[in-house]
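Shown here: work_18.txt, compact mmCIF, N, CA and C atoms.
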# COMPACT_ATOMS: atom_id res chain seq x y z
N MET A 1 -259.50 93.60 5.42
CA MET A 1 -258.65 93.17 4.32
C MET A 1 -257.88 94.38 3.78
N THR A 2 -256.57 94.26 3.74
CA THR A 2 -255.74 95.35 3.24
C THR A 2 -255.51 95.18 1.74
N HIS A 3 -255.68 96.25 1.03
CA HIS A 3 -255.38 96.29 -0.40
C HIS A 3 -253.99 96.89 -0.54
N LEU A 4 -253.03 96.07 -0.90
CA LEU A 4 -251.63 96.48 -0.95
C LEU A 4 -251.15 96.44 -2.40
N TYR A 5 -250.76 97.61 -2.91
CA TYR A 5 -250.31 97.73 -4.29
C TYR A 5 -248.85 98.16 -4.33
N VAL A 6 -248.14 97.65 -5.33
CA VAL A 6 -246.72 97.96 -5.50
C VAL A 6 -246.54 98.60 -6.86
N PHE A 7 -245.95 99.80 -6.87
CA PHE A 7 -245.64 100.50 -8.12
C PHE A 7 -244.40 99.91 -8.77
N ASP A 8 -244.40 99.82 -10.08
CA ASP A 8 -243.13 99.72 -10.80
C ASP A 8 -242.90 101.08 -11.44
N SER A 9 -241.79 101.24 -12.13
CA SER A 9 -241.42 102.56 -12.66
C SER A 9 -242.45 103.08 -13.67
N VAL A 10 -242.88 102.22 -14.58
CA VAL A 10 -243.82 102.65 -15.63
C VAL A 10 -245.17 103.01 -15.02
N SER A 11 -245.64 102.21 -14.08
CA SER A 11 -246.94 102.54 -13.47
C SER A 11 -246.88 103.84 -12.67
N PHE A 12 -245.73 104.08 -12.03
CA PHE A 12 -245.55 105.34 -11.29
C PHE A 12 -245.62 106.52 -12.27
N ILE A 13 -244.89 106.41 -13.36
CA ILE A 13 -244.89 107.47 -14.37
C ILE A 13 -246.29 107.65 -14.95
N ASN A 14 -247.00 106.54 -15.18
CA ASN A 14 -248.35 106.62 -15.73
C ASN A 14 -249.32 107.26 -14.75
N TYR A 15 -249.15 106.97 -13.46
CA TYR A 15 -250.05 107.59 -12.48
C TYR A 15 -249.83 109.10 -12.45
N TYR A 16 -248.59 109.52 -12.54
CA TYR A 16 -248.25 110.95 -12.55
C TYR A 16 -247.97 111.41 -13.98
N ASN A 17 -248.79 110.95 -14.90
CA ASN A 17 -248.55 111.18 -16.33
C ASN A 17 -248.56 112.66 -16.71
N THR A 18 -249.33 113.48 -16.03
CA THR A 18 -249.32 114.90 -16.41
C THR A 18 -247.98 115.54 -16.06
N PHE A 19 -247.39 115.16 -14.94
CA PHE A 19 -246.08 115.70 -14.58
C PHE A 19 -245.02 115.24 -15.57
N PHE A 20 -245.05 113.95 -15.91
CA PHE A 20 -244.03 113.39 -16.80
C PHE A 20 -244.36 113.57 -18.28
N LYS A 21 -245.52 114.19 -18.55
CA LYS A 21 -245.95 114.43 -19.94
C LYS A 21 -246.00 113.13 -20.74
N GLU A 22 -246.64 112.15 -20.14
CA GLU A 22 -246.80 110.83 -20.75
C GLU A 22 -248.29 110.55 -20.92
N GLN A 23 -248.59 109.66 -21.84
CA GLN A 23 -249.96 109.23 -22.04
C GLN A 23 -250.39 108.35 -20.86
N ASP A 24 -251.63 108.51 -20.43
CA ASP A 24 -252.16 107.70 -19.34
C ASP A 24 -252.55 106.33 -19.88
N ARG A 25 -251.89 105.30 -19.36
CA ARG A 25 -252.19 103.94 -19.82
C ARG A 25 -252.79 103.08 -18.72
N LEU A 26 -252.93 103.64 -17.51
CA LEU A 26 -253.51 102.88 -16.41
C LEU A 26 -255.01 102.68 -16.63
N SER A 27 -255.50 101.52 -16.23
CA SER A 27 -256.94 101.30 -16.30
C SER A 27 -257.62 102.21 -15.27
N LYS A 28 -258.87 102.51 -15.52
CA LYS A 28 -259.62 103.36 -14.59
C LYS A 28 -259.69 102.71 -13.22
N ARG A 29 -259.84 101.40 -13.17
CA ARG A 29 -259.94 100.69 -11.90
C ARG A 29 -258.65 100.82 -11.09
N ILE A 30 -257.51 100.65 -11.74
CA ILE A 30 -256.23 100.74 -11.03
C ILE A 30 -255.95 102.18 -10.61
N ARG A 31 -256.27 103.12 -11.47
CA ARG A 31 -256.09 104.53 -11.10
C ARG A 31 -256.93 104.84 -9.85
N GLN A 32 -258.15 104.33 -9.81
CA GLN A 32 -259.01 104.55 -8.64
C GLN A 32 -258.43 103.85 -7.41
N GLU A 33 -257.89 102.65 -7.56
CA GLU A 33 -257.28 101.95 -6.43
C GLU A 33 -256.08 102.73 -5.89
N ILE A 34 -255.27 103.28 -6.78
CA ILE A 34 -254.13 104.09 -6.35
C ILE A 34 -254.62 105.35 -5.63
N ASP A 35 -255.65 105.98 -6.19
CA ASP A 35 -256.24 107.14 -5.51
C ASP A 35 -256.66 106.78 -4.09
N HIS A 36 -257.27 105.60 -3.94
CA HIS A 36 -257.69 105.15 -2.61
C HIS A 36 -256.48 104.96 -1.70
N CYS A 37 -255.41 104.40 -2.26
CA CYS A 37 -254.19 104.19 -1.47
C CYS A 37 -253.63 105.50 -0.94
N LEU A 38 -253.75 106.55 -1.71
CA LEU A 38 -253.17 107.83 -1.35
C LEU A 38 -254.12 108.71 -0.53
N SER A 39 -255.34 108.24 -0.35
CA SER A 39 -256.35 109.00 0.39
C SER A 39 -256.43 108.51 1.84
N PRO A 40 -256.52 109.44 2.79
CA PRO A 40 -256.66 109.02 4.20
C PRO A 40 -258.04 108.42 4.48
N ASP A 41 -258.97 108.52 3.52
CA ASP A 41 -260.32 107.99 3.71
C ASP A 41 -260.40 106.48 3.55
N TYR A 42 -259.36 105.86 2.99
CA TYR A 42 -259.36 104.42 2.73
C TYR A 42 -258.21 103.78 3.51
N ILE A 43 -258.46 103.51 4.78
CA ILE A 43 -257.38 103.04 5.65
C ILE A 43 -256.92 101.62 5.31
N THR A 44 -257.69 100.90 4.51
CA THR A 44 -257.30 99.53 4.14
C THR A 44 -256.51 99.49 2.84
N HIS A 45 -256.24 100.63 2.24
CA HIS A 45 -255.49 100.70 0.98
C HIS A 45 -254.11 101.29 1.25
N LYS A 46 -253.10 100.59 0.79
CA LYS A 46 -251.71 101.05 0.98
C LYS A 46 -250.93 100.86 -0.31
N ILE A 47 -249.91 101.69 -0.49
CA ILE A 47 -249.05 101.59 -1.67
C ILE A 47 -247.61 101.39 -1.22
N ILE A 48 -246.92 100.53 -1.92
CA ILE A 48 -245.50 100.30 -1.69
C ILE A 48 -244.76 100.89 -2.89
N LEU A 49 -243.76 101.68 -2.61
CA LEU A 49 -242.93 102.26 -3.66
C LEU A 49 -241.50 101.78 -3.44
N PRO A 50 -241.07 100.76 -4.20
CA PRO A 50 -239.68 100.32 -4.04
C PRO A 50 -238.72 101.47 -4.31
N SER A 51 -237.74 101.63 -3.45
CA SER A 51 -236.81 102.75 -3.59
C SER A 51 -236.10 102.73 -4.94
N ILE A 52 -235.93 101.57 -5.53
CA ILE A 52 -235.27 101.47 -6.83
C ILE A 52 -236.07 102.21 -7.91
N VAL A 53 -237.38 102.32 -7.74
CA VAL A 53 -238.22 103.07 -8.68
C VAL A 53 -237.80 104.54 -8.65
N LEU A 54 -237.61 105.07 -7.45
CA LEU A 54 -237.19 106.47 -7.33
C LEU A 54 -235.79 106.67 -7.90
N VAL A 55 -234.90 105.73 -7.65
CA VAL A 55 -233.54 105.82 -8.22
C VAL A 55 -233.62 105.84 -9.74
N GLU A 56 -234.43 104.96 -10.29
CA GLU A 56 -234.58 104.90 -11.75
C GLU A 56 -235.18 106.19 -12.30
N LEU A 57 -236.15 106.75 -11.60
CA LEU A 57 -236.76 108.01 -12.05
C LEU A 57 -235.74 109.14 -12.04
N PHE A 58 -234.98 109.24 -10.97
CA PHE A 58 -233.98 110.30 -10.90
C PHE A 58 -232.90 110.10 -11.97
N GLN A 59 -232.58 108.85 -12.26
CA GLN A 59 -231.55 108.57 -13.25
C GLN A 59 -232.02 108.82 -14.67
N LYS A 60 -233.23 108.38 -14.98
CA LYS A 60 -233.68 108.42 -16.38
C LYS A 60 -234.61 109.57 -16.71
N GLN A 61 -235.48 109.95 -15.78
CA GLN A 61 -236.49 110.96 -16.07
C GLN A 61 -236.13 112.35 -15.56
N LEU A 62 -235.43 112.40 -14.45
CA LEU A 62 -235.19 113.69 -13.80
C LEU A 62 -233.73 114.13 -13.88
N ASN A 63 -232.94 113.38 -14.59
CA ASN A 63 -231.51 113.69 -14.73
C ASN A 63 -231.32 114.60 -15.94
N THR A 64 -231.70 115.84 -15.76
CA THR A 64 -231.58 116.82 -16.83
C THR A 64 -230.72 117.98 -16.36
N LYS A 65 -230.42 118.83 -17.27
CA LYS A 65 -229.66 120.03 -16.92
C LYS A 65 -230.54 121.04 -16.17
N ASP A 66 -231.85 120.79 -16.20
CA ASP A 66 -232.80 121.69 -15.56
C ASP A 66 -233.13 121.16 -14.17
N ASP A 67 -232.47 121.69 -13.16
CA ASP A 67 -232.71 121.27 -11.78
C ASP A 67 -234.12 121.64 -11.31
N GLU A 68 -234.76 122.56 -12.01
CA GLU A 68 -236.10 122.97 -11.62
C GLU A 68 -237.09 121.80 -11.72
N ILE A 69 -236.92 120.93 -12.71
CA ILE A 69 -237.82 119.79 -12.87
C ILE A 69 -237.67 118.83 -11.69
N ALA A 70 -236.43 118.53 -11.30
CA ALA A 70 -236.20 117.65 -10.15
C ALA A 70 -236.74 118.28 -8.87
N SER A 71 -236.56 119.57 -8.70
CA SER A 71 -237.09 120.27 -7.52
C SER A 71 -238.61 120.24 -7.51
N GLN A 72 -239.20 120.45 -8.67
CA GLN A 72 -240.66 120.40 -8.78
C GLN A 72 -241.17 119.01 -8.43
N PHE A 73 -240.49 117.96 -8.91
CA PHE A 73 -240.86 116.58 -8.59
C PHE A 73 -240.80 116.35 -7.07
N LYS A 74 -239.72 116.80 -6.45
CA LYS A 74 -239.57 116.62 -5.01
C LYS A 74 -240.69 117.32 -4.24
N TYR A 75 -241.04 118.52 -4.66
CA TYR A 75 -242.05 119.30 -3.96
C TYR A 75 -243.47 118.79 -4.22
N GLU A 76 -243.80 118.53 -5.49
CA GLU A 76 -245.17 118.20 -5.87
C GLU A 76 -245.53 116.72 -5.69
N ILE A 77 -244.54 115.84 -5.83
CA ILE A 77 -244.85 114.41 -5.81
C ILE A 77 -244.16 113.69 -4.65
N LEU A 78 -242.86 113.80 -4.56
CA LEU A 78 -242.12 113.03 -3.57
C LEU A 78 -242.47 113.43 -2.14
N SER A 79 -242.48 114.71 -1.85
CA SER A 79 -242.75 115.17 -0.49
C SER A 79 -244.12 114.71 0.02
N PRO A 80 -245.20 114.87 -0.77
CA PRO A 80 -246.49 114.35 -0.31
C PRO A 80 -246.49 112.84 -0.10
N LEU A 81 -245.75 112.10 -0.92
CA LEU A 81 -245.67 110.65 -0.73
C LEU A 81 -244.96 110.31 0.58
N LEU A 82 -243.88 111.02 0.84
CA LEU A 82 -243.13 110.77 2.08
C LEU A 82 -243.95 111.11 3.32
N ASP A 83 -244.86 112.07 3.20
CA ASP A 83 -245.69 112.48 4.32
C ASP A 83 -246.95 111.62 4.49
N ASN A 84 -247.20 110.75 3.54
CA ASN A 84 -248.42 109.94 3.54
C ASN A 84 -248.17 108.64 4.31
N GLU A 85 -248.95 108.42 5.37
CA GLU A 85 -248.78 107.22 6.19
C GLU A 85 -249.14 105.94 5.45
N ASP A 86 -249.86 106.05 4.36
CA ASP A 86 -250.28 104.88 3.59
C ASP A 86 -249.34 104.56 2.44
N VAL A 87 -248.20 105.22 2.42
CA VAL A 87 -247.17 104.97 1.41
C VAL A 87 -245.91 104.50 2.13
N GLU A 88 -245.37 103.39 1.67
CA GLU A 88 -244.10 102.89 2.21
C GLU A 88 -243.06 102.91 1.10
N ILE A 89 -241.97 103.60 1.35
CA ILE A 89 -240.82 103.54 0.45
C ILE A 89 -240.02 102.32 0.90
N LYS A 90 -239.97 101.30 0.06
CA LYS A 90 -239.38 100.02 0.45
C LYS A 90 -237.93 99.95 -0.02
N GLY A 91 -237.05 99.85 0.94
CA GLY A 91 -235.63 99.70 0.64
C GLY A 91 -235.30 98.28 0.24
N ILE A 92 -234.05 98.09 -0.13
CA ILE A 92 -233.58 96.76 -0.51
C ILE A 92 -233.06 96.09 0.74
N GLU A 93 -233.93 95.37 1.41
CA GLU A 93 -233.57 94.73 2.66
C GLU A 93 -233.22 93.26 2.41
N LEU A 94 -232.76 92.59 3.43
CA LEU A 94 -232.27 91.23 3.32
C LEU A 94 -233.31 90.28 2.73
N GLU A 95 -234.55 90.35 3.19
CA GLU A 95 -235.58 89.44 2.67
C GLU A 95 -235.84 89.67 1.18
N VAL A 96 -235.80 90.92 0.76
CA VAL A 96 -235.97 91.23 -0.66
C VAL A 96 -234.80 90.65 -1.46
N LEU A 97 -233.59 90.77 -0.92
CA LEU A 97 -232.42 90.21 -1.60
C LEU A 97 -232.48 88.69 -1.70
N LYS A 98 -233.01 88.04 -0.67
CA LYS A 98 -233.15 86.58 -0.73
C LYS A 98 -234.10 86.18 -1.85
N ILE A 99 -235.22 86.89 -1.96
CA ILE A 99 -236.18 86.61 -3.04
C ILE A 99 -235.54 86.91 -4.39
N TYR A 100 -234.85 88.03 -4.46
CA TYR A 100 -234.15 88.44 -5.69
C TYR A 100 -233.23 87.31 -6.18
N SER A 101 -232.49 86.71 -5.25
CA SER A 101 -231.53 85.67 -5.64
C SER A 101 -232.20 84.39 -6.10
N GLN A 102 -233.49 84.24 -5.79
CA GLN A 102 -234.21 83.03 -6.18
C GLN A 102 -235.00 83.20 -7.48
N ILE A 103 -235.02 84.39 -8.05
CA ILE A 103 -235.73 84.59 -9.31
C ILE A 103 -234.99 83.83 -10.41
N ASP A 104 -235.72 83.01 -11.11
CA ASP A 104 -235.15 82.07 -12.08
C ASP A 104 -234.95 82.75 -13.44
N ASN A 105 -233.70 83.02 -13.79
CA ASN A 105 -233.38 83.64 -15.08
C ASN A 105 -233.65 82.71 -16.25
N ASN A 106 -233.86 81.42 -15.99
CA ASN A 106 -234.17 80.49 -17.07
C ASN A 106 -235.59 80.69 -17.59
N ILE A 107 -236.46 81.25 -16.77
CA ILE A 107 -237.83 81.55 -17.22
C ILE A 107 -237.79 82.73 -18.17
N ILE A 108 -237.21 83.81 -17.72
CA ILE A 108 -236.97 85.00 -18.54
C ILE A 108 -235.98 85.87 -17.78
N LYS A 109 -235.09 86.49 -18.52
CA LYS A 109 -234.06 87.33 -17.91
C LYS A 109 -234.63 88.72 -17.68
N LEU A 110 -234.75 89.08 -16.41
CA LEU A 110 -235.23 90.41 -16.03
C LEU A 110 -234.06 91.33 -15.74
N GLU A 111 -234.26 92.62 -16.00
CA GLU A 111 -233.25 93.60 -15.61
C GLU A 111 -233.21 93.67 -14.09
N ASN A 112 -232.07 94.07 -13.54
CA ASN A 112 -231.89 94.08 -12.09
C ASN A 112 -232.95 94.90 -11.37
N HIS A 113 -233.26 96.09 -11.88
CA HIS A 113 -234.25 96.92 -11.19
C HIS A 113 -235.63 96.25 -11.21
N ASP A 114 -235.95 95.54 -12.30
CA ASP A 114 -237.24 94.84 -12.36
C ASP A 114 -237.26 93.66 -11.39
N LYS A 115 -236.14 92.99 -11.23
CA LYS A 115 -236.06 91.89 -10.25
C LYS A 115 -236.24 92.42 -8.83
N ILE A 116 -235.69 93.59 -8.54
CA ILE A 116 -235.85 94.18 -7.21
C ILE A 116 -237.31 94.57 -6.97
N ILE A 117 -237.94 95.16 -7.98
CA ILE A 117 -239.35 95.55 -7.86
C ILE A 117 -240.21 94.31 -7.66
N LEU A 118 -240.00 93.28 -8.48
CA LEU A 118 -240.75 92.03 -8.35
C LEU A 118 -240.51 91.40 -6.99
N SER A 119 -239.27 91.38 -6.54
CA SER A 119 -238.93 90.81 -5.23
C SER A 119 -239.64 91.57 -4.11
N SER A 120 -239.72 92.88 -4.23
CA SER A 120 -240.42 93.69 -3.23
C SER A 120 -241.90 93.33 -3.18
N ALA A 121 -242.51 93.16 -4.35
CA ALA A 121 -243.94 92.80 -4.41
C ALA A 121 -244.17 91.41 -3.82
N ILE A 122 -243.29 90.48 -4.12
CA ILE A 122 -243.41 89.13 -3.55
C ILE A 122 -243.27 89.20 -2.03
N HIS A 123 -242.29 89.96 -1.56
CA HIS A 123 -242.03 90.06 -0.12
C HIS A 123 -243.24 90.57 0.66
N VAL A 124 -243.94 91.55 0.13
CA VAL A 124 -245.08 92.12 0.86
C VAL A 124 -246.40 91.47 0.45
N ASP A 125 -246.33 90.52 -0.50
CA ASP A 125 -247.52 89.85 -1.02
C ASP A 125 -248.53 90.89 -1.53
N GLY A 126 -248.00 91.83 -2.32
CA GLY A 126 -248.83 92.89 -2.86
C GLY A 126 -249.20 92.64 -4.31
N ILE A 127 -250.07 93.47 -4.81
CA ILE A 127 -250.46 93.44 -6.21
C ILE A 127 -249.51 94.36 -6.96
N LEU A 128 -248.77 93.81 -7.89
CA LEU A 128 -247.78 94.59 -8.64
C LEU A 128 -248.46 95.27 -9.82
N ILE A 129 -248.37 96.59 -9.85
CA ILE A 129 -248.95 97.38 -10.94
C ILE A 129 -247.86 97.52 -12.00
N THR A 130 -248.01 96.78 -13.09
CA THR A 130 -247.00 96.80 -14.15
C THR A 130 -247.61 96.40 -15.49
N ASN A 131 -247.03 96.93 -16.55
CA ASN A 131 -247.35 96.44 -17.88
C ASN A 131 -246.08 95.94 -18.56
N ASP A 132 -245.04 95.71 -17.78
CA ASP A 132 -243.78 95.19 -18.28
C ASP A 132 -243.98 93.75 -18.73
N THR A 133 -243.79 93.49 -20.02
CA THR A 133 -244.08 92.16 -20.56
C THR A 133 -243.16 91.08 -20.01
N LYS A 134 -241.93 91.43 -19.69
CA LYS A 134 -241.03 90.43 -19.11
C LYS A 134 -241.48 90.03 -17.71
N ILE A 135 -241.85 91.01 -16.91
CA ILE A 135 -242.36 90.70 -15.57
C ILE A 135 -243.65 89.89 -15.69
N GLN A 136 -244.51 90.27 -16.60
CA GLN A 136 -245.76 89.54 -16.80
C GLN A 136 -245.49 88.08 -17.20
N THR A 137 -244.52 87.88 -18.07
CA THR A 137 -244.16 86.51 -18.48
C THR A 137 -243.67 85.71 -17.29
N TYR A 138 -242.81 86.31 -16.47
CA TYR A 138 -242.30 85.61 -15.30
C TYR A 138 -243.43 85.24 -14.34
N VAL A 139 -244.30 86.18 -14.08
CA VAL A 139 -245.39 85.95 -13.13
C VAL A 139 -246.37 84.92 -13.68
N GLU A 140 -246.64 84.95 -14.97
CA GLU A 140 -247.53 83.95 -15.56
C GLU A 140 -246.97 82.55 -15.39
N ALA A 141 -245.64 82.43 -15.47
CA ALA A 141 -244.99 81.12 -15.33
C ALA A 141 -244.90 80.65 -13.88
N THR A 142 -244.88 81.59 -12.93
CA THR A 142 -244.62 81.24 -11.53
C THR A 142 -245.77 81.53 -10.58
N ASN A 143 -246.71 82.36 -10.99
CA ASN A 143 -247.77 82.84 -10.08
C ASN A 143 -247.18 83.47 -8.82
N ALA A 144 -246.08 84.18 -8.97
CA ALA A 144 -245.37 84.75 -7.83
C ALA A 144 -246.17 85.84 -7.11
N VAL A 145 -246.90 86.65 -7.87
CA VAL A 145 -247.72 87.73 -7.30
C VAL A 145 -248.91 87.95 -8.21
N GLN A 146 -249.85 88.78 -7.73
CA GLN A 146 -250.94 89.24 -8.59
C GLN A 146 -250.45 90.44 -9.38
N LEU A 147 -250.96 90.58 -10.58
CA LEU A 147 -250.60 91.72 -11.43
C LEU A 147 -251.83 92.56 -11.72
N ALA A 148 -251.59 93.84 -11.97
CA ALA A 148 -252.65 94.76 -12.38
C ALA A 148 -252.04 95.84 -13.23
N PHE A 149 -252.83 96.45 -14.06
CA PHE A 149 -252.43 97.64 -14.80
C PHE A 149 -253.66 98.26 -15.39

For this file, write the structure as structure tokens.
Amino acid sequence: MTHLYVFDSVSFINYYNTFFKEQDRLSKRIRQEIDHCLSPDYITHKIILPSIVLVELFQKQLNTKDDEIASQFKYEILSPLLDNEDVEIKGIELEVLKIYSQIDNNIIKLENHDKIILSSAIHVDGILITNDTKIQTYVEATNAVQLAF
């Protein structure tokens, strides 16, 4: 049985909270599951990182006048993720776009990046790590994916 987890932007920042100087809000269980995903010792644990999460991080968190922070992020966090066989950077592919187009805005209006993240989680049938209340509301109404935080 594969344990497949999908990061959203907030959960990614929370997992790397010391780098981003944020309070840790992840549950101990989810933090441990992510640790397992990133460890070669747990071959049944995998993490999906939608590419839109990285775009959002570079736009909002790493878009400073200090290029050293972005370089440090690339070296300390991004590079090890790219080298990890149990991490998939998920692009916006056709199947994700099809799911994206079917998300019902009448339930709740999600921001585009959140719709892409949710669509990615639905596509891979993964557990979405999020505390975003709008995503939670949508999932509660549709049972589209499992949630964790």

Query raised in the report: If we count only N, CA and C atoms, what is near stretch 6-21 of chain A at a cut-off of 7 Å, once residues fewer than 5 positions away on the same chain are taken out, given as a PyMOL selection string?
Result: chain A and resi 26+31+46-50+53-54+57+117+121+126-131

Query - Which of chain A fall in strand (DSSP E), as a ChimeraX atom specification - result: /A:3-7,45-50,87-90,127-129,146-148

Query raised in the report: Restricting the calculation to all atoms listed in the file, which member of A:Leu118, A:Leu78, A:Ile107, A:Ile89 is positioned closest to A:Ala141?
Result: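 Going through A:Leu118, A:Leu78, A:Ile107, A:Ile89 one by one, the smallest distance to A:Ala141 is for A:Ile107.
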
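If you look at atom CA of A:Leu62 and atom CA of A:Asp83, they are 21.0 Å away from each other.
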
Query raised in the report: Which one is closest to A:Glu85: A:His3, A:His45, A:His113, A:Arg25? Count only C-alpha atoms.
Result: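 Nearest to A:Glu85: A:His45.
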
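Our summary of the geometry notes that atom CA of A:Leu82 is positioned 11.0 Å from atom CA of A:Leu38.
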
Adding 4 Å on each side of the box along x, y and z that holds all listed atoms of stretch 106-116 of chain A, could you give its centre and edge lengths in Å to one decimal, as JSON?
{"center_x": -234.9, "center_y": 88.7, "center_z": -12.8, "size_x": 13.9, "size_y": 24.4, "size_z": 19.6}

Report task. Excluding A:Asp125 and any residue of its chain fewer than 4 positions from it, enumerate the residues within 8 Å of it, using only N, CA and C atoms, and give them as a ChimeraX atom specification. Result -> /A:4-6,119-121,144-146

May I have the residues within 7 Å of A:Ile108 as a short mmCIF file (atom, residue, chain, number, x, y, z; two decimals) with N, CA and C atoms, keeping the file's coordinate frame, using all atoms listed in the file and disregarding those fewer than 3 positions away in the same chain?
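Written out: around-v8.cif:
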data_model
loop_
_atom_site.label_atom_id
_atom_site.label_comp_id
_atom_site.auth_asym_id
_atom_site.auth_seq_id
_atom_site.Cartn_x
_atom_site.Cartn_y
_atom_site.Cartn_z
N ASP A 104 -235.72 83.01 -11.11
CA ASP A 104 -235.15 82.07 -12.08
C ASP A 104 -234.95 82.75 -13.44
N ASN A 105 -233.70 83.02 -13.79
CA ASN A 105 -233.38 83.64 -15.08
C ASN A 105 -233.65 82.71 -16.25
N LYS A 134 -241.93 91.43 -19.69
CA LYS A 134 -241.03 90.43 -19.11
C LYS A 134 -241.48 90.03 -17.71
N THR A 137 -244.52 87.88 -18.07
CA THR A 137 -244.16 86.51 -18.48
C THR A 137 -243.67 85.71 -17.29
N TYR A 138 -242.81 86.31 -16.47
CA TYR A 138 -242.30 85.61 -15.30
C TYR A 138 -243.43 85.24 -14.34
#

Requested in this report: Any chance you could list, as number ranges by chain, the residues in stretch 62-91 of chain A that come up alpha helix (DSSP H) when DSSP is run on the backbone?
Outcome: A: 67-73, 79-83
